[in-house]
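To keep things clear, I will list the structure first and then write my remarks on it.
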Amino acid sequence: MPSLFHKHQELLQKAVETCRIRDYWSPFQESPRASLHPPGKKLAGKKQFETLLGNPFPLSQPGEIGKVGIEVSPYTQRELGIRYPAIDIDVVMKAAQKARNHWTQCSVEERIGVCMELISQLDQNAFVNTYASMHTAGMSFMMGFAGSGANALDRGLEAIAYAYRAMQEIPSSSRFQRSFGRGEPTKINKTYRLQSRGVAVVIC
């Protein structure tokens, strides 16, 4: 996982600096214009979305107890037929707590590297996400691409940059020294380890 941090380190540093000076900058393409993307990218995204129609959404997770899904496209007025896993929240939360034990052992660089890779993968799927936004939330093509794509990724990258900066300000160790009265100074070698705030369910 440290290699993921190095893979995205330049982008991360640019994001951190932009947050510091509060300037505008985005590494993500906001326009779906064909000339700004690799040939065939838009069509590939549309085809990828169409392969999802009428099928269970490919999501593997613990606690699955069935399938749900009654979405209707506001454009075609047809059911999308995409069925999603219905889950037992208690089972999922227990699995998340177990995974958290491993996550808390990861270094700052490992955590940030994973989050940066998630942002990168979402950016690569911008067009399929556009069509999904259109046919579920009723967004226009332009708004689906910009709002659910570049604009959302900007906010995600901003959050990662601020989190990274905050975690970097915590030293891994320090030496405390203080005199009490006339005796020898008290000396303490301190170590610090970042802890996650826990697991939460977000419904949005």
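Labels for the structure tokens follow display order: chains A, B, ..., residues from 1 in each chain, ligands from 1.
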
Interface rows for range 20-63 of chain A against range 91-99 of chain A: nearest pair, Å to one decimal, 12 Å, only C-alpha atoms, as a tab-separated table:
residue	atom	partner	partner_atom	distance
A:Ser60	CA	A:Val92	CA	11.5
A:Gln61	CA	A:Val92	CA	7.8
A:Pro62	CA	A:Val92	CA	6.0
A:Gly63	CA	A:Val91	CA	5.2

Using only C-alpha atoms, find each residue of range 38-126 of chain A with at least one atom at most 10 Å away from an atom of range 22-30 of chain A; report its shortest atom-to-atom pair and that distance in Å (one decimal), sort the rows by chain and rising residue number, and return the result as a Markdown table.
| residue | atom | partner | partner_atom | distance |
| --- | --- | --- | --- | --- |
| A:Ser120 | CA | A:Phe28 | CA | 9.6 |
| A:Asp123 | CA | A:Phe28 | CA | 7.4 |
| A:Ala126 | CA | A:Gln29 | CA | 9.4 |

Go ahead and save the picked residues with C-alpha atoms, as a CSV table (one decimal), in the first residue's frame.
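Okay, result_35.csv is ready:
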chain,number,residue,atom,x,y,z
A,120,SER,CA,-8.5,7.9,-9.0
A,123,ASP,CA,-12.4,9.4,-11.9
A,126,ALA,CA,-16.7,9.2,-14.8

Go through A:Ser133, A:Trp103, A:Pro38, A:Ile119 one by one, measure the shortest atom-to-atom distance of each to Glu71 in chain A using only C-alpha atoms, and give the residue with the smallest value.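 Using only C-alpha atoms, the shortest distance to Glu71 in chain A belongs to A:Ser133.
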
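Of the residues in range 55-153 of chain A, those given strand (DSSP E) by DSSP on the backbone are Glu64, Ile65, Gly66, Lys67, Val68, Tyr84, Pro85, Ala86 and Ile87 of chain A.
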
Residue list (alpha helix (DSSP H), DSSP) for chain A, as a compact mmCIF listing (two decimals) with N, CA and C atoms, in the first residue's frame:
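Done, and the output landed in selection25.txt:
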# COMPACT_ATOMS: atom_id res chain seq x y z
N PRO A 2 2.05 1.28 0.56
CA PRO A 2 2.84 2.51 0.47
C PRO A 2 3.05 2.96 -0.96
N SER A 3 3.09 1.98 -1.91
CA SER A 3 3.29 2.35 -3.32
C SER A 3 2.13 3.19 -3.84
N LEU A 4 0.92 3.00 -3.29
CA LEU A 4 -0.22 3.83 -3.70
C LEU A 4 0.00 5.27 -3.28
N PHE A 5 0.60 5.46 -2.11
CA PHE A 5 0.89 6.82 -1.66
C PHE A 5 1.87 7.49 -2.61
N HIS A 6 2.92 6.78 -2.97
CA HIS A 6 3.92 7.35 -3.88
C HIS A 6 3.33 7.60 -5.26
N LYS A 7 2.43 6.72 -5.67
CA LYS A 7 1.78 6.87 -6.97
C LYS A 7 1.02 8.19 -7.07
N HIS A 8 0.38 8.60 -5.98
CA HIS A 8 -0.47 9.79 -5.99
C HIS A 8 0.13 10.95 -5.19
N GLN A 9 1.37 10.84 -4.80
CA GLN A 9 1.97 11.83 -3.90
C GLN A 9 2.00 13.24 -4.51
N GLU A 10 2.34 13.34 -5.77
CA GLU A 10 2.42 14.66 -6.40
C GLU A 10 1.05 15.34 -6.42
N LEU A 11 0.02 14.58 -6.75
CA LEU A 11 -1.34 15.12 -6.76
C LEU A 11 -1.76 15.54 -5.35
N LEU A 12 -1.44 14.72 -4.37
CA LEU A 12 -1.78 15.03 -2.99
C LEU A 12 -1.11 16.32 -2.52
N GLN A 13 0.17 16.47 -2.81
CA GLN A 13 0.90 17.66 -2.38
C GLN A 13 0.32 18.92 -3.02
N LYS A 14 -0.08 18.81 -4.28
CA LYS A 14 -0.71 19.94 -4.95
C LYS A 14 -2.04 20.30 -4.27
N ALA A 15 -2.79 19.30 -3.87
CA ALA A 15 -4.07 19.52 -3.19
C ALA A 15 -3.85 20.17 -1.83
N VAL A 16 -2.85 19.71 -1.10
CA VAL A 16 -2.54 20.28 0.22
C VAL A 16 -2.15 21.74 0.08
N GLU A 17 -1.31 22.05 -0.90
CA GLU A 17 -0.88 23.44 -1.11
C GLU A 17 -2.04 24.32 -1.53
N THR A 18 -2.93 23.81 -2.35
CA THR A 18 -4.09 24.57 -2.78
C THR A 18 -5.01 24.87 -1.60
N CYS A 19 -5.18 23.91 -0.72
CA CYS A 19 -5.97 24.15 0.49
C CYS A 19 -5.32 25.21 1.36
N ARG A 20 -4.01 25.21 1.41
CA ARG A 20 -3.29 26.17 2.25
C ARG A 20 -3.51 27.61 1.78
N ILE A 21 -3.45 27.82 0.46
CA ILE A 21 -3.58 29.18 -0.07
C ILE A 21 -5.01 29.52 -0.46
N LYS A 41 -14.14 6.74 -24.87
CA LYS A 41 -14.37 6.68 -23.42
C LYS A 41 -15.85 6.87 -23.09
N LYS A 42 -16.50 7.83 -23.75
CA LYS A 42 -17.91 8.09 -23.48
C LYS A 42 -18.78 6.90 -23.85
N LEU A 43 -18.56 6.34 -25.03
CA LEU A 43 -19.35 5.19 -25.49
C LEU A 43 -19.12 3.98 -24.60
N ALA A 44 -17.88 3.79 -24.17
CA ALA A 44 -17.58 2.66 -23.28
C ALA A 44 -18.32 2.80 -21.96
N GLY A 45 -18.42 4.04 -21.45
CA GLY A 45 -19.14 4.28 -20.20
C GLY A 45 -20.62 3.98 -20.35
N LYS A 46 -21.18 4.37 -21.50
CA LYS A 46 -22.60 4.10 -21.75
C LYS A 46 -22.86 2.60 -21.82
N LYS A 47 -21.99 1.89 -22.51
CA LYS A 47 -22.15 0.44 -22.63
C LYS A 47 -21.99 -0.25 -21.27
N GLN A 48 -21.07 0.26 -20.47
CA GLN A 48 -20.87 -0.31 -19.14
C GLN A 48 -22.12 -0.14 -18.29
N PHE A 49 -22.74 1.03 -18.39
CA PHE A 49 -23.99 1.26 -17.65
C PHE A 49 -25.08 0.32 -18.14
N GLU A 50 -25.19 0.14 -19.43
CA GLU A 50 -26.24 -0.72 -20.00
C GLU A 50 -26.09 -2.17 -19.58
N THR A 51 -24.84 -2.60 -19.33
CA THR A 51 -24.64 -3.98 -18.88
C THR A 51 -25.16 -4.19 -17.46
N LEU A 52 -25.32 -3.09 -16.72
CA LEU A 52 -25.83 -3.19 -15.35
C LEU A 52 -27.35 -3.35 -15.32
N ILE A 89 -27.65 -5.06 8.95
CA ILE A 89 -26.74 -4.02 9.43
C ILE A 89 -25.83 -4.52 10.54
N ASP A 90 -26.36 -5.33 11.45
CA ASP A 90 -25.55 -5.83 12.56
C ASP A 90 -24.36 -6.65 12.07
N VAL A 91 -24.61 -7.47 11.05
CA VAL A 91 -23.53 -8.31 10.50
C VAL A 91 -22.48 -7.44 9.83
N VAL A 92 -22.92 -6.45 9.06
CA VAL A 92 -21.99 -5.57 8.37
C VAL A 92 -21.16 -4.75 9.36
N MET A 93 -21.80 -4.26 10.42
CA MET A 93 -21.09 -3.47 11.41
C MET A 93 -20.02 -4.30 12.11
N LYS A 94 -20.33 -5.55 12.40
CA LYS A 94 -19.34 -6.42 13.03
C LYS A 94 -18.15 -6.64 12.10
N ALA A 95 -18.43 -6.81 10.81
CA ALA A 95 -17.36 -7.00 9.83
C ALA A 95 -16.52 -5.73 9.71
N ALA A 96 -17.18 -4.58 9.76
CA ALA A 96 -16.47 -3.31 9.68
C ALA A 96 -15.58 -3.10 10.90
N GLN A 97 -16.08 -3.47 12.07
CA GLN A 97 -15.28 -3.35 13.28
C GLN A 97 -14.04 -4.24 13.21
N LYS A 98 -14.22 -5.43 12.65
CA LYS A 98 -13.09 -6.35 12.51
C LYS A 98 -12.07 -5.78 11.54
N ALA A 99 -12.54 -5.22 10.43
CA ALA A 99 -11.64 -4.62 9.44
C ALA A 99 -10.93 -3.41 10.01
N ARG A 100 -11.61 -2.69 10.90
CA ARG A 100 -11.03 -1.50 11.52
C ARG A 100 -9.76 -1.84 12.30
N ASN A 101 -9.72 -3.02 12.88
CA ASN A 101 -8.54 -3.41 13.63
C ASN A 101 -7.29 -3.41 12.74
N HIS A 102 -7.46 -3.82 11.49
CA HIS A 102 -6.34 -3.82 10.55
C HIS A 102 -6.06 -2.40 10.06
N TRP A 103 -7.12 -1.65 9.81
CA TRP A 103 -6.99 -0.28 9.28
C TRP A 103 -6.21 0.60 10.26
N VAL A 108 -0.06 6.44 8.18
CA VAL A 108 -0.76 7.56 7.54
C VAL A 108 -0.65 7.45 6.03
N GLU A 109 0.54 7.14 5.54
CA GLU A 109 0.77 7.04 4.09
C GLU A 109 -0.07 5.93 3.48
N GLU A 110 -0.19 4.81 4.18
CA GLU A 110 -0.99 3.69 3.66
C GLU A 110 -2.47 4.08 3.58
N ARG A 111 -2.98 4.72 4.61
CA ARG A 111 -4.39 5.13 4.62
C ARG A 111 -4.67 6.13 3.50
N ILE A 112 -3.81 7.14 3.40
CA ILE A 112 -4.00 8.17 2.39
C ILE A 112 -3.84 7.58 0.99
N GLY A 113 -2.91 6.68 0.82
CA GLY A 113 -2.71 6.04 -0.48
C GLY A 113 -3.95 5.31 -0.96
N VAL A 114 -4.61 4.58 -0.04
CA VAL A 114 -5.84 3.87 -0.39
C VAL A 114 -6.94 4.85 -0.80
N CYS A 115 -7.10 5.92 -0.02
CA CYS A 115 -8.13 6.92 -0.32
C CYS A 115 -7.87 7.62 -1.65
N MET A 116 -6.62 7.91 -1.93
CA MET A 116 -6.26 8.55 -3.20
C MET A 116 -6.53 7.62 -4.38
N GLU A 117 -6.29 6.35 -4.18
CA GLU A 117 -6.56 5.38 -5.25
C GLU A 117 -8.06 5.27 -5.51
N LEU A 118 -8.87 5.35 -4.45
CA LEU A 118 -10.33 5.34 -4.62
C LEU A 118 -10.78 6.52 -5.48
N ILE A 119 -10.22 7.70 -5.19
CA ILE A 119 -10.54 8.89 -5.98
C ILE A 119 -10.16 8.68 -7.44
N SER A 120 -8.99 8.11 -7.66
CA SER A 120 -8.51 7.86 -9.02
C SER A 120 -9.41 6.90 -9.78
N GLN A 121 -9.84 5.82 -9.10
CA GLN A 121 -10.70 4.83 -9.75
C GLN A 121 -12.06 5.44 -10.09
N LEU A 122 -12.60 6.27 -9.20
CA LEU A 122 -13.87 6.94 -9.48
C LEU A 122 -13.76 7.86 -10.68
N ASP A 123 -12.62 8.54 -10.79
CA ASP A 123 -12.40 9.42 -11.93
C ASP A 123 -12.36 8.62 -13.24
N GLN A 124 -11.77 7.43 -13.19
CA GLN A 124 -11.70 6.59 -14.39
C GLN A 124 -13.09 6.11 -14.83
N ALA A 126 -15.87 7.96 -14.74
CA ALA A 126 -16.69 9.17 -14.80
C ALA A 126 -17.91 9.02 -15.71
N PHE A 127 -17.75 8.39 -16.85
CA PHE A 127 -18.86 8.33 -17.80
C PHE A 127 -19.95 7.34 -17.37
N VAL A 128 -19.55 6.19 -16.85
CA VAL A 128 -20.57 5.25 -16.38
C VAL A 128 -21.33 5.86 -15.20
N ASN A 129 -20.64 6.62 -14.36
CA ASN A 129 -21.28 7.31 -13.25
C ASN A 129 -22.23 8.39 -13.75
N THR A 130 -21.87 9.01 -14.87
CA THR A 130 -22.74 10.04 -15.47
C THR A 130 -24.09 9.45 -15.85
N TYR A 131 -24.05 8.34 -16.55
CA TYR A 131 -25.31 7.71 -16.98
C TYR A 131 -26.10 7.19 -15.78
N ALA A 132 -25.40 6.69 -14.77
CA ALA A 132 -26.09 6.24 -13.57
C ALA A 132 -26.78 7.41 -12.87
N SER A 133 -26.11 8.56 -12.82
CA SER A 133 -26.70 9.76 -12.20
C SER A 133 -27.92 10.24 -12.99
N MET A 134 -27.84 10.16 -14.30
CA MET A 134 -28.96 10.58 -15.14
C MET A 134 -30.19 9.73 -14.88
N HIS A 135 -30.00 8.42 -14.91
CA HIS A 135 -31.15 7.51 -14.88
C HIS A 135 -31.62 7.14 -13.48
N THR A 136 -30.94 7.65 -12.45
CA THR A 136 -31.42 7.43 -11.08
C THR A 136 -31.83 8.74 -10.41
N ALA A 137 -30.99 9.76 -10.55
CA ALA A 137 -31.26 11.05 -9.89
C ALA A 137 -31.91 12.07 -10.83
N PHE A 141 -27.15 15.23 -18.66
CA PHE A 141 -25.85 14.61 -18.96
C PHE A 141 -24.71 15.49 -18.47
N MET A 142 -24.78 16.79 -18.74
CA MET A 142 -23.72 17.71 -18.34
C MET A 142 -23.59 17.76 -16.81
N MET A 143 -24.73 17.85 -16.12
CA MET A 143 -24.70 17.95 -14.66
C MET A 143 -24.26 16.62 -14.05
N GLY A 144 -24.68 15.53 -14.65
CA GLY A 144 -24.27 14.23 -14.17
C GLY A 144 -22.76 14.06 -14.23
N PHE A 145 -22.18 14.56 -15.33
CA PHE A 145 -20.73 14.43 -15.49
C PHE A 145 -19.97 15.35 -14.55
N ALA A 152 -17.73 16.45 -7.29
CA ALA A 152 -17.75 15.55 -6.12
C ALA A 152 -16.34 15.07 -5.79
N LEU A 153 -15.54 14.78 -6.81
CA LEU A 153 -14.18 14.33 -6.58
C LEU A 153 -13.31 15.44 -6.00
N ASP A 154 -13.57 16.68 -6.41
CA ASP A 154 -12.86 17.82 -5.82
C ASP A 154 -13.06 17.87 -4.31
N ARG A 155 -14.30 17.69 -3.89
CA ARG A 155 -14.59 17.73 -2.46
C ARG A 155 -13.96 16.54 -1.73
N GLY A 156 -13.95 15.39 -2.38
CA GLY A 156 -13.32 14.23 -1.78
C GLY A 156 -11.82 14.43 -1.62
N LEU A 157 -11.18 14.95 -2.66
CA LEU A 157 -9.74 15.21 -2.62
C LEU A 157 -9.42 16.26 -1.57
N GLU A 158 -10.27 17.27 -1.46
CA GLU A 158 -10.07 18.31 -0.46
C GLU A 158 -10.10 17.72 0.95
N ALA A 159 -11.06 16.83 1.20
CA ALA A 159 -11.17 16.19 2.52
C ALA A 159 -9.93 15.35 2.82
N ILE A 160 -9.43 14.63 1.82
CA ILE A 160 -8.22 13.83 2.01
C ILE A 160 -7.03 14.72 2.32
N ALA A 161 -6.92 15.84 1.59
CA ALA A 161 -5.80 16.76 1.79
C ALA A 161 -5.80 17.32 3.21
N TYR A 162 -6.97 17.74 3.70
CA TYR A 162 -7.06 18.28 5.05
C TYR A 162 -6.76 17.21 6.09
N ALA A 163 -7.25 16.00 5.86
CA ALA A 163 -6.99 14.90 6.79
C ALA A 163 -5.50 14.58 6.84
N TYR A 164 -4.87 14.56 5.68
CA TYR A 164 -3.44 14.27 5.61
C TYR A 164 -2.64 15.34 6.34
N ARG A 165 -2.99 16.60 6.11
CA ARG A 165 -2.28 17.70 6.76
C ARG A 165 -2.43 17.61 8.29
N ALA A 166 -3.65 17.30 8.74
CA ALA A 166 -3.89 17.20 10.19
C ALA A 166 -3.08 16.05 10.80
N MET A 167 -3.05 14.91 10.11
CA MET A 167 -2.33 13.76 10.64
C MET A 167 -0.82 13.99 10.62
N GLN A 168 -0.34 14.76 9.64
CA GLN A 168 1.09 15.05 9.56
C GLN A 168 1.55 15.92 10.72

Of the residues A:Arg78, A:Ile70, A:Phe180, A:Pro171, which is the one nearest to Tyr192 in chain A, using only C-alpha atoms?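 Looking at the shortest contact to Tyr192 in chain A, the residue is A:Pro171.
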